[in-house]
Each structure stands twice: as structure tokens, then as C-alpha cells.
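Since the structure comes first, as C-alpha cells, the remarks are kept for the end.
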Amino acid sequence: MPASSWISPQREGLYLPGADVWIDPSIPVPRALVTHGHADHARGGHGTTIATPETLAIMALRYGVGEGAHPLPCHQRIELGDGMVAWLAPAGHVLGSAQVVLERGGERVVVTGDYKRRPDPTCAPFEPVPCDILITEATFGLPVFVHPPIAGEIARLLAARAAQPRRCVLVGAYALGKAQRVIAEIRRAGYDAPIWLHGALEAMCRLYRDHGVDLGDVRLVTEAEKGELAGQIVLCPPSALNDRWSRRLPDPVTAMASGWMRVRQRAVQRNVELPLIISDHADWNELTATIRDLAPAQTWITHGRDDALVHWCALHQLQARALDLVGYDDEDE
Ligand SMILES: [Zn+2]
Ligand SMILES: [Zn+2]
């Protein structure tokens with residue numbers, strides 16, 4: 001029986017009717033498999049939540065999900081019922097992020113969730129799993145989206161800091177994943193002075209540290225002495241970039257770390273002086289290379305810009321279809 005018969009794309013998520021399990025559902029369900037902790041994938045209120053221990057820790061921190069948590073470390077198999085087995089494989093997106101691998105009757109389906117192929121010191125690297133059906137994200141599914149190497153973006157950030165010792169560089173970065181990756185990459189570039197945090201980033205940075213990710217000397221902005229922040233690097237959530245909070249900082253150079261910084265208009269909208277193109281999603285080349293490497297019989301595309309990728313598959317004689325799932329929001333980038 002073809003896999004398309006036992007996995008059913010619904011508007012609220014991918015559904016396995018035989019086992020009554022949902023993957024990243026946008027509504028509360030009795031049993032959910034959750035790929036990672038970003039809000040558009042991980043929601044509270046499920047009866048049972050199956051996810052990596054790291055993702056469950058992130059969900060507990062963000063939404064207080066505790067009851068019904070079913071930890072599933074990568075590569076450990078779980079029987080879902082109706083002859084279906086699931087296991088998780090690292091997705092390289094954020095700490096704990098995983099692809100869902102589903103097997104039934106000799107057939108295999110891989111749901112990538114959000115993923116990237118670039119090295120990231122804060123999480124396990126994406127693991128390619130050959131499959132019959134690949135269900136891939138497509139957040140940056142347009143040929144114009146080719147992310148530059150992160151080392152160059154970090155070098156631009158450090159150069160801006162060095163060039164203006166009386167100002168600070170204020171980097172907007174999402175609290176889960178982006179902030180910790182930016183800090184870890186700044187450390188990898190050899191910068192070991194304190195890095196200052198908006199209070200909203202503190203708990204997640206601590207969670208990463210508790211999971212063995214070294215962020216060096218990070219401190220809270222509220223602990224800084226007057227004048228101490230000149231020439232320093234400060235991180236905040238994107239929403240704080242232009243609000244009252246940032247007025248206490250010494251003439252900040254406003255930066256933002258996001259794949260969307262490729263789009264000039266987005267940088268202008270946010271008043272960003274120093275756009276840093278740093279993405280935790282696969283770019284166009286990574287998306288197409290992954291489809292080519294795994295050579296699935298079918299590719300189902302979701303979560304982003306699907307038309308260009310469907311067209312690319314057709315050009316390469318690969319079967320593809322776009323899924324119409326709701327509730328996925330690319331803002332977590
Ligand atoms: Zn995500
Ligand atoms: Zn997402």
C-alpha cells in the first residue's frame with residue numbers, strides 16, 4: 001500500500017489515522033509528535049507529547065508542558081500502533097530539533113520539520129535519512145535565498161563594534177536558537193569579552209548551558225554599570241530592538257540576525273542599520289541538494305514558499321506536491 005494512504009495531511013498538521021497521532025499539530029490533540037520547540041510547531045495542551053528530551057525541556061520552560069511528556073531520544077524506536085514505527089533524527093535547526101522518521105510495511109516517510117545543513121555549534125547536525133516520501137519545509141524556497149557563510153556575518157558584526165567604541169552593537173535575535181547560535185559563533189571567532197542579554201533571553205541561554213552548550217561570559221544588561229556598555233555587544237529579542245528598553249543603551253548600532261535580512265525591505269521596516277543574514281533554515285541550495293541526495297519517490301512541500309520548489313522538482317523529473325497546512329509561521333526565523 002502506498003504511504004500516501006497511511007499519512008494524511010490535514011490543515012491542522014500531518015495526521016496518522018491508524019495510530020491517531022499528529023505531527024506538529026496546531027490544535028491540542030490526544031497524541032502529538034513534536035519536531036522542535038518553536039511556537040508554530042510546539043503547542044501546549046496535548047494529551048501526550050512525544051519529542052526529544054531537549055525539546056520537552058524547552059516546552060516545559062516555555063509553556064509549562066510537563067504532564068504527558070514522552071521523551072524519545074534520537075534513533076530510539078517507538079511503536080505507534082497500526083504497524084507504524086517512529087524514530088527521530090537530528091534536524092540541525094535548534095537544540096533538540098528532530099526530523100520524524102515513520103516506517104510501515106517496508107515504507108519510510110521522513111518529515112524534516114525545520115532544518116538546516118550548515119554546521120551549528122549549538123545543536124546536533126542534520127542527518128540525511130533516505131526515504132520514499134520526503135515531507136520538507138520550504139521557508140526559504142526561492143532561488144534568491146542563498147544564505148552567506150555565517151563567519152562573514154559575524155566578522156561584520158565584530159567590525160562594527162570595533163569601529164565605534166562609544167556605541168554598542170544591539171543584535172535582535174529570536175530567543176530560542178538564534179540568540180545562542182549567534183553567541184556561540186561570536187565565541188568561535190575569538191571574542192571573549194562579556195556578551196550582554198535582555199532579560200527575555202536569559203532563561204533559554206541558561207537551558208542551553210545546562211545542555212552543555214558553552215556561551216562564555218554572558219551577563220544581564222540590568223547588571224551593567226553606567227557607561228559599561230559602550231563598545232559592547234548586546235542581544236535582545238527582535239521586539240525590543242526599537243522599544244523603550246533600548247533607550248538605556250549607549251547609541252546602539254541596531255543589528256538583526258535573520259535569514260529575512262536578505263530582503264532589504266524587511267531590514268528597513270525594523271530600522272536595522274546592520275542586517276546580518278543568519279538563518280536556521282535551509283536555503284534554496286540546501287533544500288534542493290537534500291531532495292537530490294535523498295532521491296525520494298515523492299516530495300511533499302510545506303511551510304513556506306512551495307511553488308518554486310514544486311517547479312524545480314518537475315524540471316528534475318521528481319514527483320512533488322504542495323501541502324496546505326495552516327498555522328506555521330516563519331517568524332520564528
Ligand atoms: Zn523552527
Ligand atoms: Zn517553523
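So you can find residues: chains in the C-alpha cells are A, B, ... in the order shown, residues in each start at 1, and ligands are numbered from 1 in order.
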
| task | For Ile301 (chain A), list every protein, DNA or RNA residue within 8 Å, evaluated using only C-alpha atoms, and leave out those in the same chain fewer than 2 positions away; present the list as a list of chain:residue names. | result | A:Ile135, A:Thr136, A:Glu137, A:Ala138, A:Thr299, A:His303, A:Asp306, A:Leu309, A:Val310, A:Ala320, A:Arg321, A:Ala322, A:Leu323

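Backbone DSSP over region 72-203 of chain A gives alpha helix (DSSP H) for Ile150, Ala151, Gly152, Glu153, Ile154, Ala155, Arg156, Leu157, Leu158, Ala159, Ala160, Arg161, Ala162, Ala163, Lys178, Ala179, Gln180, Arg181, Val182, Ile183, Ala184, Glu185, Ile186, Arg187, Arg188, Glu202 and Ala203 of chain A.
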
| query | Can I get the residues close to ligand 2 as a ChimeraX atom specification, where close means within 12 Å and we count only C-alpha atoms and all ligand atoms? | reply | /A:24-26,34-42,93-94,97,112-116,136-140,176-177,279-282,302-304,325-333

| message | Applying 8 Å and only C-alpha atoms, which residues near Pro143 (chain A) remain after dropping the ones on its own chain fewer than 3 positions away? List them as JSON, numbers by chain. | response | {"A": [146, 284, 285, 308]}

| message | Which residues are close to region 49-59 of chain A, i.e. within 6 Å by only C-alpha atoms, leaving aside same-chain residues fewer than 4 positions away? Reply as a ChimeraX atom specification. | response | /A:32-34,36-37,63,65,68-73,96

| Nearest to Cys313 (chain A) by atom-to-atom distance, counting only C-alpha atoms, from A:Pro9, A:Thr48, A:Gly141, A:Val263 | A:Gly141

| field | strand (DSSP E) per DSSP on the backbone: members of region 81-240 of chain A, as number ranges by chain | value | A: 81, 84-90, 98-104, 107-111, 133-138, 169-172, 195-197, 218-220, 233-236

| message | When you count only C-alpha atoms, which of these residues is closest to Val110 (chain A): A:Ala193, A:Ile23, A:Met256, A:Met204? | response | A:Ile23

| said: I'd like the neighbourhood of Arg166 (chain A) as a list in words, where a residue qualifies if any of its atoms comes within 10 Å (using only C-alpha atoms), though same-chain residues fewer than 3 positions away should be ignored. | reply: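 Answer for this query is Arg161, Ala162, Ala163, Gly227, Leu229, Ala230, Gly231, Gln232, Pro250, Asp251 and Pro252 of chain A.
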
| request: State, in Å with one decimal place, the distance from CA of Ile278 (chain A) to CA of Arg43 (chain A). | output: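 Computed distance, CA of Ile278 (chain A) to CA of Arg43 (chain A), equals 25.4 Å.
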
Please identify all polymer residues within 12 Å of Ser246 (chain A), counting only C-alpha atoms, omitting same-chain residues fewer than 2 positions from it, and present them as a short mmCIF file (atom, residue, chain, number, x, y, z; two decimals) with N, CA, C and O atoms, in the first residue's frame.
data_model
loop_
_atom_site.label_atom_id
_atom_site.label_comp_id
_atom_site.auth_asym_id
_atom_site.auth_seq_id
_atom_site.Cartn_x
_atom_site.Cartn_y
_atom_site.Cartn_z
N CYS A 168 27.22 50.84 21.33
CA CYS A 168 27.18 49.39 21.48
C CYS A 168 26.52 48.81 20.24
O CYS A 168 25.86 49.53 19.49
N VAL A 169 26.73 47.53 20.00
CA VAL A 169 26.01 46.87 18.90
C VAL A 169 24.88 46.07 19.53
O VAL A 169 25.12 45.20 20.37
N LEU A 170 23.65 46.40 19.14
CA LEU A 170 22.47 45.72 19.68
C LEU A 170 21.92 44.77 18.62
O LEU A 170 21.50 45.20 17.55
N VAL A 171 21.99 43.46 18.90
CA VAL A 171 21.58 42.46 17.92
C VAL A 171 20.22 41.88 18.30
O VAL A 171 20.07 41.27 19.36
N GLY A 172 19.24 42.02 17.41
CA GLY A 172 17.94 41.37 17.59
C GLY A 172 18.05 39.92 17.15
O GLY A 172 18.50 39.65 16.04
N LEU A 197 22.81 40.50 27.77
CA LEU A 197 21.50 39.98 27.38
C LEU A 197 20.34 40.81 27.90
O LEU A 197 20.36 41.25 29.05
N HIS A 198 19.33 40.97 27.08
CA HIS A 198 17.99 41.38 27.51
C HIS A 198 17.45 40.25 28.40
O HIS A 198 17.69 39.07 28.13
N VAL A 221 21.90 42.90 30.96
CA VAL A 221 22.04 44.35 30.79
C VAL A 221 21.73 45.07 32.11
O VAL A 221 22.37 46.07 32.45
N THR A 222 20.77 44.54 32.86
CA THR A 222 20.40 45.19 34.12
C THR A 222 21.53 45.17 35.15
O THR A 222 21.49 45.92 36.12
N LEU A 229 28.46 49.68 28.93
CA LEU A 229 28.01 49.02 27.70
C LEU A 229 28.57 49.63 26.41
O LEU A 229 28.36 49.10 25.33
N VAL A 234 25.31 43.55 22.70
CA VAL A 234 24.10 43.31 23.49
C VAL A 234 23.11 42.54 22.61
O VAL A 234 22.93 42.87 21.44
N LEU A 235 22.47 41.52 23.16
CA LEU A 235 21.44 40.78 22.42
C LEU A 235 20.07 40.99 23.04
O LEU A 235 19.94 41.01 24.27
N CYS A 236 19.06 41.12 22.18
CA CYS A 236 17.69 41.26 22.67
C CYS A 236 16.75 40.56 21.71
O CYS A 236 17.12 40.26 20.58
N PRO A 237 15.51 40.27 22.14
CA PRO A 237 14.54 39.73 21.17
C PRO A 237 14.22 40.82 20.14
O PRO A 237 14.29 42.01 20.47
N PRO A 238 13.87 40.43 18.91
CA PRO A 238 13.61 41.44 17.86
C PRO A 238 12.59 42.49 18.30
O PRO A 238 12.72 43.66 17.94
N SER A 239 11.61 42.09 19.11
CA SER A 239 10.57 43.04 19.51
C SER A 239 11.12 44.18 20.37
O SER A 239 10.49 45.23 20.48
N ALA A 240 12.28 43.98 20.98
CA ALA A 240 12.83 45.01 21.87
C ALA A 240 13.79 45.96 21.14
O ALA A 240 14.26 46.94 21.72
N LEU A 241 14.05 45.67 19.85
CA LEU A 241 15.05 46.47 19.12
C LEU A 241 14.73 47.96 19.13
O LEU A 241 15.62 48.79 19.30
N ASN A 242 13.47 48.30 18.93
CA ASN A 242 13.11 49.72 18.81
C ASN A 242 12.21 50.21 19.94
O ASN A 242 11.58 51.23 19.82
N ASP A 243 12.13 49.45 21.02
CA ASP A 243 11.22 49.91 22.07
C ASP A 243 11.97 50.67 23.18
O ASP A 243 13.17 50.87 23.11
N ARG A 244 11.22 51.07 24.19
CA ARG A 244 11.78 51.92 25.25
C ARG A 244 13.02 51.31 25.87
O ARG A 244 13.95 52.00 26.25
N ARG A 248 18.09 52.89 27.02
CA ARG A 248 19.09 52.97 28.09
C ARG A 248 20.50 52.65 27.58
O ARG A 248 21.48 52.81 28.29
N LEU A 249 20.58 52.16 26.32
CA LEU A 249 21.88 51.72 25.80
C LEU A 249 22.60 52.89 25.14
O LEU A 249 21.97 53.81 24.64
N PRO A 250 23.94 52.85 25.12
CA PRO A 250 24.70 53.95 24.51
C PRO A 250 24.63 53.92 22.98
O PRO A 250 25.33 53.13 22.35
N ASP A 251 23.75 54.75 22.40
CA ASP A 251 23.65 54.96 20.95
C ASP A 251 23.82 53.67 20.15
O ASP A 251 24.77 53.55 19.36
N PRO A 252 22.93 52.71 20.33
CA PRO A 252 23.18 51.38 19.73
C PRO A 252 23.21 51.37 18.20
O PRO A 252 22.43 52.06 17.56
N VAL A 253 24.14 50.60 17.66
CA VAL A 253 24.11 50.21 16.25
C VAL A 253 23.11 49.06 16.20
O VAL A 253 23.33 48.01 16.79
N THR A 254 21.97 49.26 15.51
CA THR A 254 20.92 48.25 15.53
C THR A 254 21.18 47.18 14.48
O THR A 254 21.26 47.47 13.29
#

| message | Considering only C-alpha atoms and all ligand atoms, can you say which of A:Glu67, A:Gly152, A:Tyr174, A:Gly83 comes closest to ligand 1? | response |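 Counting only C-alpha atoms and all ligand atoms, the residue closest to ligand 1 is A:Tyr174.
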
| query | So which one's closest to ligand 1, A:Ala200, A:Leu95, A:Ala289, A:Ile27? Using only C-alpha atoms and all ligand atoms, please. | reply |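 Of the candidates, the smallest distance to ligand 1 is held by A:Leu95.
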
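Minimum atom-to-atom distance to ligand 1, evaluated using only C-alpha atoms and all ligand atoms, belongs to A:Ala91 out of A:Leu318, A:Ala91, A:Ala267, A:Cys131.
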
| said: Counting only C-alpha atoms, which residue out of A:Ala257, A:Leu294, A:Leu88, A:Val29 sits closest to Gly13 (chain A)? | reply: A:Val29
